[in-house]
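input20.tsv follows (TSV, C-alpha atoms):
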```tsv
chain	number	residue	atom	x	y	z
A	1	MET	CA	157.76	151.67	2.17
A	2	TYR	CA	155.67	149.75	4.69
A	3	GLY	CA	154.66	152.62	6.97
A	4	TRP	CA	157.83	152.96	9.02
A	5	GLU	CA	158.74	156.33	7.46
A	6	LYS	CA	156.34	158.22	9.73
A	7	PHE	CA	158.36	157.09	12.76
A	8	MET	CA	161.72	158.17	11.32
A	9	SER	CA	163.37	161.50	12.03
A	10	GLU	CA	164.67	163.63	9.17
A	11	ARG	CA	168.17	162.47	10.11
A	12	ASP	CA	167.03	158.84	9.89
A	13	LYS	CA	165.50	159.42	6.47
A	14	GLN	CA	168.70	161.00	5.19
A	15	HIS	CA	170.77	158.13	6.59
A	16	ASP	CA	168.41	155.66	4.91
A	17	LEU	CA	168.95	157.37	1.55
A	18	LEU	CA	172.72	157.11	1.96
A	19	TRP	CA	173.08	153.67	3.51
A	20	GLY	CA	169.68	152.00	3.57
A	21	LYS	CA	168.87	148.70	1.92
A	22	LYS	CA	168.48	149.13	-1.84
A	23	GLU	CA	167.48	145.62	-2.96
A	24	LEU	CA	166.16	142.40	-1.48
A	25	TYR	CA	168.48	139.64	-0.31
A	26	GLY	CA	166.24	137.10	-2.03
A	27	PHE	CA	164.66	133.79	-1.06
A	28	GLY	CA	165.64	130.20	-1.76
A	29	LYS	CA	163.94	127.25	-3.41
A	30	ARG	CA	162.74	125.33	-0.34
A	31	PRO	CA	160.58	127.58	1.86
A	32	ALA	CA	158.46	126.89	4.92
A	33	LEU	CA	155.76	129.08	6.44
A	34	LEU	CA	156.26	129.81	10.14
A	35	LEU	CA	153.25	131.05	12.13
A	36	ILE	CA	154.32	132.52	15.47
A	37	ASP	CA	152.12	132.89	18.58
A	38	ILE	CA	148.77	133.40	16.90
A	39	TYR	CA	146.55	132.45	19.84
A	40	TYR	CA	143.49	133.92	21.47
A	41	SER	CA	145.20	135.57	24.43
A	42	VAL	CA	146.82	138.13	22.11
A	43	LEU	CA	143.64	138.71	20.09
A	44	GLY	CA	140.65	138.06	22.31
A	45	LEU	CA	137.71	135.75	21.73
A	46	LYS	CA	135.87	138.42	19.76
A	47	ARG	CA	136.98	141.22	17.49
A	48	GLU	CA	137.22	144.43	19.47
A	49	PRO	CA	139.35	147.60	19.38
A	50	ILE	CA	142.52	147.15	21.39
A	51	PHE	CA	141.56	149.07	24.53
A	52	GLU	CA	138.19	147.31	24.79
A	53	SER	CA	139.82	143.92	24.26
A	54	MET	CA	142.44	144.71	26.91
A	55	GLU	CA	139.72	144.88	29.55
A	56	THR	CA	139.68	141.06	29.38
A	57	TRP	CA	142.91	140.20	27.57
A	58	SER	CA	145.72	142.39	28.92
A	59	SER	CA	148.11	141.51	26.10
A	60	SER	CA	145.59	141.94	23.27
A	61	THR	CA	146.61	143.47	19.96
A	62	GLY	CA	143.04	144.38	19.05
A	63	LEU	CA	141.60	144.80	15.58
A	64	GLU	CA	145.02	145.32	14.01
A	65	GLY	CA	145.95	141.85	15.17
A	66	TRP	CA	142.80	140.35	13.72
A	67	ALA	CA	143.41	142.12	10.40
A	68	ALA	CA	146.86	140.51	10.24
A	69	VAL	CA	145.35	137.11	11.10
A	70	ASP	CA	142.93	137.40	8.17
A	71	LYS	CA	145.82	138.16	5.83
A	72	THR	CA	147.77	135.26	7.31
A	73	ALA	CA	144.83	132.94	6.62
A	74	GLU	CA	145.04	133.95	2.96
A	75	LEU	CA	148.75	133.16	2.82
A	76	LEU	CA	148.23	129.91	4.70
A	77	GLU	CA	145.73	128.76	2.07
A	78	VAL	CA	148.23	129.47	-0.70
A	79	ALA	CA	151.00	127.66	1.19
A	80	ARG	CA	148.89	124.57	1.70
A	81	SER	CA	147.69	124.47	-1.91
A	82	ASN	CA	151.30	124.60	-3.10
A	83	GLN	CA	152.64	121.99	-0.64
A	84	ILE	CA	154.71	124.53	1.31
A	85	PRO	CA	155.48	123.08	4.78
A	86	VAL	CA	153.64	124.92	7.55
A	87	ILE	CA	154.95	125.12	11.13
A	88	HIS	CA	153.00	126.59	14.05
A	89	VAL	CA	154.79	127.96	17.11
A	90	LYS	CA	153.24	128.80	20.47
A	91	GLY	CA	154.30	129.42	24.03
A	92	LEU	CA	154.93	126.49	26.35
A	93	GLN	CA	152.06	126.12	28.83
A	94	SER	CA	153.71	123.85	31.41
A	95	GLY	CA	154.32	126.52	34.04
A	96	ILE	CA	157.98	127.01	33.16
A	97	ASN	CA	159.36	130.39	34.25
A	98	SER	CA	158.54	133.07	31.71
A	99	TRP	CA	161.31	134.97	29.92
A	100	SER	CA	159.34	138.19	30.51
A	101	ARG	CA	160.55	140.47	33.28
A	102	ASN	CA	157.67	142.93	33.28
A	103	THR	CA	155.67	143.58	36.43
A	104	ARG	CA	152.54	144.97	34.81
A	105	LYS	CA	149.24	144.02	36.35
A	106	ARG	CA	147.22	141.59	34.28
A	107	VAL	CA	143.48	141.04	34.28
A	108	PRO	CA	142.78	137.85	36.28
A	109	LEU	CA	141.34	135.06	34.14
A	110	SER	CA	139.47	131.89	35.00
A	111	ASP	CA	141.22	128.58	34.29
A	112	GLU	CA	138.78	128.01	31.43
A	113	LEU	CA	139.58	131.36	29.79
A	114	ARG	CA	143.31	130.91	30.36
A	115	GLN	CA	143.18	127.55	28.62
A	116	LYS	CA	141.19	128.97	25.73
A	117	GLY	CA	143.65	131.84	25.46
A	118	SER	CA	146.50	129.43	24.80
A	119	GLU	CA	144.76	127.92	21.75
A	120	ILE	CA	145.75	128.86	18.20
A	121	VAL	CA	142.88	130.80	16.63
A	122	ASP	CA	140.53	128.92	14.32
A	123	GLU	CA	141.38	131.09	11.32
A	124	VAL	CA	144.91	129.62	11.14
A	125	LYS	CA	144.66	126.50	13.29
A	126	PRO	CA	146.86	123.51	12.38
A	127	VAL	CA	145.58	120.69	10.21
A	128	TYR	CA	146.72	117.08	10.32
A	129	GLY	CA	150.40	116.76	9.44
A	130	GLU	CA	151.45	120.29	10.37
A	131	LEU	CA	154.04	120.56	13.11
A	132	VAL	CA	153.14	122.49	16.29
A	133	ILE	CA	156.11	123.54	18.43
A	134	GLU	CA	155.88	124.88	21.98
A	135	LYS	CA	158.71	127.20	22.94
A	136	ALA	CA	160.04	128.49	26.26
A	137	SER	CA	161.80	131.60	24.93
A	138	PRO	CA	160.93	134.46	22.56
A	139	SER	CA	162.62	132.71	19.63
A	140	ALA	CA	161.24	129.51	18.13
A	141	PHE	CA	164.74	127.99	17.96
A	142	PRO	CA	166.24	127.50	21.46
A	143	GLY	CA	165.29	124.24	23.13
A	144	THR	CA	162.90	123.13	20.36
A	145	PRO	CA	163.15	120.66	17.45
A	146	LEU	CA	162.62	123.44	14.89
A	147	LEU	CA	166.16	123.45	13.49
A	148	PHE	CA	166.26	119.65	13.20
A	149	HIS	CA	162.90	119.65	11.44
A	150	LEU	CA	163.96	122.34	8.97
A	151	ASN	CA	167.20	120.53	8.20
A	152	SER	CA	165.39	117.23	7.69
A	153	LEU	CA	163.12	118.87	5.11
A	154	GLY	CA	165.97	120.68	3.39
A	155	ILE	CA	164.39	124.05	4.08
A	156	ASP	CA	166.45	127.09	3.10
A	157	THR	CA	163.88	129.88	3.58
A	158	LEU	CA	161.50	130.81	6.39
A	159	ILE	CA	158.56	133.11	5.79
A	160	CYS	CA	157.35	134.47	9.14
A	161	CYS	CA	153.93	135.66	10.26
A	162	GLY	CA	152.50	136.31	13.72
A	163	GLU	CA	153.25	138.37	16.80
A	164	THR	CA	154.75	140.40	18.18
A	165	THR	CA	156.81	142.11	15.52
A	166	SER	CA	159.14	143.52	18.18
A	167	GLY	CA	159.20	140.36	20.30
A	168	CYS	CA	158.90	136.74	19.22
A	169	VAL	CA	158.82	137.48	15.49
A	170	ARG	CA	161.97	139.55	15.77
A	171	ALA	CA	163.76	137.01	18.00
A	172	THR	CA	162.90	134.14	15.68
A	173	THR	CA	163.93	136.08	12.59
A	174	VAL	CA	167.30	137.01	14.07
A	175	ASP	CA	167.95	133.42	15.14
A	176	GLY	CA	166.89	132.15	11.72
A	177	ALA	CA	169.36	134.51	10.05
A	178	THR	CA	172.02	133.37	12.51
A	179	HIS	CA	171.42	129.80	11.32
A	180	ARG	CA	171.83	131.08	7.74
A	181	PHE	CA	168.26	130.66	6.55
A	182	HIS	CA	166.86	133.16	4.09
A	183	MET	CA	164.35	135.03	6.26
A	184	GLY	CA	161.16	136.71	5.13
A	185	VAL	CA	158.70	138.72	7.22
A	186	VAL	CA	155.27	139.42	5.72
A	187	ALA	CA	154.40	143.00	6.69
A	188	ASP	CA	150.63	142.43	6.37
A	189	CYS	CA	150.79	139.32	8.55
A	190	VAL	CA	152.75	140.44	11.61
A	191	PHE	CA	151.38	142.58	14.42
A	192	ASP	CA	152.23	144.27	17.69
A	193	ARG	CA	150.65	146.16	20.57
A	194	THR	CA	152.15	149.54	19.75
A	195	GLU	CA	152.52	151.08	16.32
A	196	ALA	CA	156.02	152.48	16.82
A	197	SER	CA	157.50	149.15	17.92
A	198	HIS	CA	155.79	147.38	15.01
A	199	TYR	CA	156.98	149.68	12.27
A	200	MET	CA	160.49	150.37	13.53
A	201	ASN	CA	161.16	146.68	14.11
A	202	LEU	CA	159.92	145.94	10.60
A	203	TYR	CA	162.40	148.52	9.34
A	204	ASP	CA	165.24	147.13	11.43
A	205	LEU	CA	164.55	143.52	10.42
A	206	HIS	CA	164.41	144.55	6.77
A	207	GLN	CA	167.74	146.36	7.01
A	208	LYS	CA	169.68	143.62	8.81
A	209	TYR	CA	168.17	140.16	8.93
A	210	ALA	CA	165.32	139.60	6.49
A	211	ASP	CA	163.37	140.72	3.48
A	212	VAL	CA	160.14	142.39	4.56
A	213	VAL	CA	157.58	141.76	1.82
A	214	ASP	CA	153.86	142.32	1.40
A	215	LEU	CA	151.18	139.64	1.20
A	216	ALA	CA	151.00	139.72	-2.60
A	217	ALA	CA	154.74	139.08	-2.92
A	218	ALA	CA	154.63	136.22	-0.42
A	219	LYS	CA	151.71	134.60	-2.25
A	220	GLN	CA	153.48	134.91	-5.58
A	221	TYR	CA	156.63	133.36	-4.15
A	222	PHE	CA	154.74	130.34	-2.82
A	223	GLN	CA	152.89	129.95	-6.12
A	224	GLU	CA	156.14	130.03	-8.07
A	225	ILE	CA	157.67	127.40	-5.79
A	226	GLY	CA	154.54	125.29	-6.15
A	227	ALA	CA	154.66	125.53	-9.94
A	228	ILE	CA	158.32	124.44	-9.99
A	229	SER	CA	157.50	121.50	-7.72
A	230	LYS	CA	154.66	120.37	-9.96
A	231	ILE	CA	156.91	120.49	-13.02
A	232	GLY	CA	159.44	118.37	-11.12
A	233	VAL	CA	156.79	115.81	-10.24
A	234	ARG	CA	155.61	115.54	-13.85
A	235	ALA	CA	159.19	115.18	-15.08
```

This structure in structure tokens:
Amino acid sequence: MYGWEKFMSERDKQHDLLWGKKELYGFGKRPALLLIDIYYSVLGLKREPIFESMETWSSSTGLEGWAAVDKTAELLEVARSNQIPVIHVKGLQSGINSWSRNTRKRVPLSDELRQKGSEIVDEVKPVYGELVIEKASPSAFPGTPLLFHLNSLGIDTLICCGETTSGCVRATTVDGATHRFHMGVVADCVFDRTEASHYMNLYDLHQKYADVVDLAAAKQYFQEIGAISKIGVRA
């Protein structure tokens, strides 16, 4: 459906036919757009293939990441034009111990580059009035005001974009489902460092915790919500 089939065994495909998800869970009437970890350190300061970008930015997602950012920028424009709340999430930069336990060697960066790497990319950067949350765990929920903010706005649906599909996007989506939000993941707007982890986590999220949809469906959903809101205002 979204490219995950090529990573499934014949047994997996048969199991999917017998027990796989047949229809969407569906979204609610009060969505928010959640943009997760879309900063320069996972993309690079210029658009390069992943292995070239990794020479400077060890955790880069390369051109695939940039392609997803461009799609996210399209969805962001639709969200803003239809008064859909937008929330940006990024890693806490205070020196708190990282949740990561990997021991991989990273390319040393100057303080200036490290600071630039922590900035949200210009293509989807926040505008005045949009909440920016810094998190200290893979999920956007623990230890942050996200849940309080969503409750205060009456949000019932979260549409997620960003990276990585197998990491912070997955953790946030699972926690969102745990808190009983309708969860959506936009396949065109999430990205990862390895193809297998991207596609199989999309599949797993779609089966258990969220509706994975394409960019066109996400745009249409926001436009429909915007149209309903405008009718309500006129009434």

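One finds CA of Leu35 (chain A) at 12.7 Å from CA of Asp70 (chain A).
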
List every residue of region 28-93 of chain A that has an atom at most 8 Å from any atom of region 119-138 of chain A, giving for each one its closest atom pair and the distance in Å to one decimal, counting all atoms listed in the file, sorted by chain and then by ascending residue number, as CSV.
```
residue,atom,partner,partner_atom,distance
A:Asp37,CA,A:Ile120,CA,7.5
A:Ile38,CA,A:Ile120,CA,5.6
A:Tyr39,CA,A:Ile120,CA,4.0
A:Tyr40,CA,A:Val121,CA,5.8
A:Val69,CA,A:Glu123,CA,7.2
A:Asp70,CA,A:Glu123,CA,7.2
A:Thr72,CA,A:Val124,CA,7.4
A:Ala73,CA,A:Val124,CA,5.6
A:Leu76,CA,A:Val124,CA,7.3
A:Pro85,CA,A:Glu130,CA,7.4
A:Val86,CA,A:Glu130,CA,5.8
A:Ile87,CA,A:Leu131,CA,5.1
A:His88,CA,A:Val132,CA,4.7
A:Val89,CA,A:Ile133,CA,4.8
A:Lys90,CA,A:Glu134,CA,5.0
A:Gly91,CA,A:Lys135,CA,5.1
A:Leu92,CA,A:Glu134,CA,4.8
A:Gln93,CA,A:Glu134,CA,7.9
```

Take the selection from the previous step and output its residues with C-alpha atoms, as a PDB file, in the frame of the given file.
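Saved result, selection05.pdb, follows:
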```
ATOM      1  CA  ASP A  37     152.120 132.890  18.580  1.00  0.00           C
ATOM      2  CA  ILE A  38     148.770 133.400  16.900  1.00  0.00           C
ATOM      3  CA  TYR A  39     146.550 132.450  19.840  1.00  0.00           C
ATOM      4  CA  TYR A  40     143.490 133.920  21.470  1.00  0.00           C
ATOM      5  CA  VAL A  69     145.350 137.110  11.100  1.00  0.00           C
ATOM      6  CA  ASP A  70     142.930 137.400   8.170  1.00  0.00           C
ATOM      7  CA  THR A  72     147.770 135.260   7.310  1.00  0.00           C
ATOM      8  CA  ALA A  73     144.830 132.940   6.620  1.00  0.00           C
ATOM      9  CA  LEU A  76     148.230 129.910   4.700  1.00  0.00           C
ATOM     10  CA  PRO A  85     155.480 123.080   4.780  1.00  0.00           C
ATOM     11  CA  VAL A  86     153.640 124.920   7.550  1.00  0.00           C
ATOM     12  CA  ILE A  87     154.950 125.120  11.130  1.00  0.00           C
ATOM     13  CA  HIS A  88     153.000 126.590  14.050  1.00  0.00           C
ATOM     14  CA  VAL A  89     154.790 127.960  17.110  1.00  0.00           C
ATOM     15  CA  LYS A  90     153.240 128.800  20.470  1.00  0.00           C
ATOM     16  CA  GLY A  91     154.300 129.420  24.030  1.00  0.00           C
ATOM     17  CA  LEU A  92     154.930 126.490  26.350  1.00  0.00           C
ATOM     18  CA  GLN A  93     152.060 126.120  28.830  1.00  0.00           C
TER      19      GLN A  93
END
```

Å distance separating CA of Ser166 (chain A) from CA of His198 (chain A), one decimal place =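 One can read the CA of Ser166 (chain A) to CA of His198 (chain A) distance as 6.0 Å.
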
Which protein, DNA or RNA residues are at most 6 Å from (150.4, 140.2, 13.2) in the file's coordinates when you count all atoms listed in the file, listed as a PyMOL selection string?
-> chain A and resi 65+68+162-163+189-191

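CA of Gly167 (chain A) is found 20.1 Å from CA of Phe51 (chain A).
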
Closest of A:Val174, A:Leu147, A:Leu113, A:Leu75 to Tyr221 (chain A), counting only C-alpha atoms, is A:Leu75

Per residue of region 26-93 of chain A within 12 Å of region 199-212 of chain A, record the nearest atom pair and its distance in Å to one decimal, counting all atoms listed in the file, with rows in chain order and ascending residue number, as JSON lines.
```
{"residue": "A:Gly26", "atom": "CA", "partner": "A:Asp211", "partner_atom": "CA", "distance": 7.2}
{"residue": "A:Phe27", "atom": "CA", "partner": "A:Asp211", "partner_atom": "CA", "distance": 8.4}
{"residue": "A:Gly28", "atom": "CA", "partner": "A:Asp211", "partner_atom": "CA", "distance": 12.0}
```

Quick one: everything within 12 Å of Thr56 (chain A), counting only C-alpha atoms, minus sequence neighbours fewer than 5 positions away in the same chain. Send it as a ChimeraX atom specification.
-> /A:40-46,48-51,61-62,106-110,113-114,117

Name the residues in contact with Gly176 (chain A) at a cut-off of 12 Å, using only C-alpha atoms, excluding same-chain residues fewer than 2 positions from it; report them as a PDB file with C-alpha atoms, in the frame of the given file.
```
ATOM      1  CA  LEU A  34     156.260 129.810  10.140  1.00  0.00           C
ATOM      2  CA  SER A 139     162.620 132.710  19.630  1.00  0.00           C
ATOM      3  CA  ALA A 140     161.240 129.510  18.130  1.00  0.00           C
ATOM      4  CA  PHE A 141     164.740 127.990  17.960  1.00  0.00           C
ATOM      5  CA  PRO A 142     166.240 127.500  21.460  1.00  0.00           C
ATOM      6  CA  LEU A 146     162.620 123.440  14.890  1.00  0.00           C
ATOM      7  CA  LEU A 147     166.160 123.450  13.490  1.00  0.00           C
ATOM      8  CA  LEU A 150     163.960 122.340   8.970  1.00  0.00           C
ATOM      9  CA  ILE A 155     164.390 124.050   4.080  1.00  0.00           C
ATOM     10  CA  ASP A 156     166.450 127.090   3.100  1.00  0.00           C
ATOM     11  CA  THR A 157     163.880 129.880   3.580  1.00  0.00           C
ATOM     12  CA  LEU A 158     161.500 130.810   6.390  1.00  0.00           C
ATOM     13  CA  ILE A 159     158.560 133.110   5.790  1.00  0.00           C
ATOM     14  CA  CYS A 160     157.350 134.470   9.140  1.00  0.00           C
ATOM     15  CA  CYS A 168     158.900 136.740  19.220  1.00  0.00           C
ATOM     16  CA  VAL A 169     158.820 137.480  15.490  1.00  0.00           C
ATOM     17  CA  ARG A 170     161.970 139.550  15.770  1.00  0.00           C
ATOM     18  CA  ALA A 171     163.760 137.010  18.000  1.00  0.00           C
ATOM     19  CA  THR A 172     162.900 134.140  15.680  1.00  0.00           C
ATOM     20  CA  THR A 173     163.930 136.080  12.590  1.00  0.00           C
ATOM     21  CA  VAL A 174     167.300 137.010  14.070  1.00  0.00           C
ATOM     22  CA  THR A 178     172.020 133.370  12.510  1.00  0.00           C
ATOM     23  CA  HIS A 179     171.420 129.800  11.320  1.00  0.00           C
ATOM     24  CA  ARG A 180     171.830 131.080   7.740  1.00  0.00           C
ATOM     25  CA  PHE A 181     168.260 130.660   6.550  1.00  0.00           C
ATOM     26  CA  HIS A 182     166.860 133.160   4.090  1.00  0.00           C
ATOM     27  CA  MET A 183     164.350 135.030   6.260  1.00  0.00           C
ATOM     28  CA  GLY A 184     161.160 136.710   5.130  1.00  0.00           C
ATOM     29  CA  VAL A 185     158.700 138.720   7.220  1.00  0.00           C
ATOM     30  CA  LEU A 205     164.550 143.520  10.420  1.00  0.00           C
ATOM     31  CA  TYR A 209     168.170 140.160   8.930  1.00  0.00           C
ATOM     32  CA  ALA A 210     165.320 139.600   6.490  1.00  0.00           C
TER      33      ALA A 210
END
```
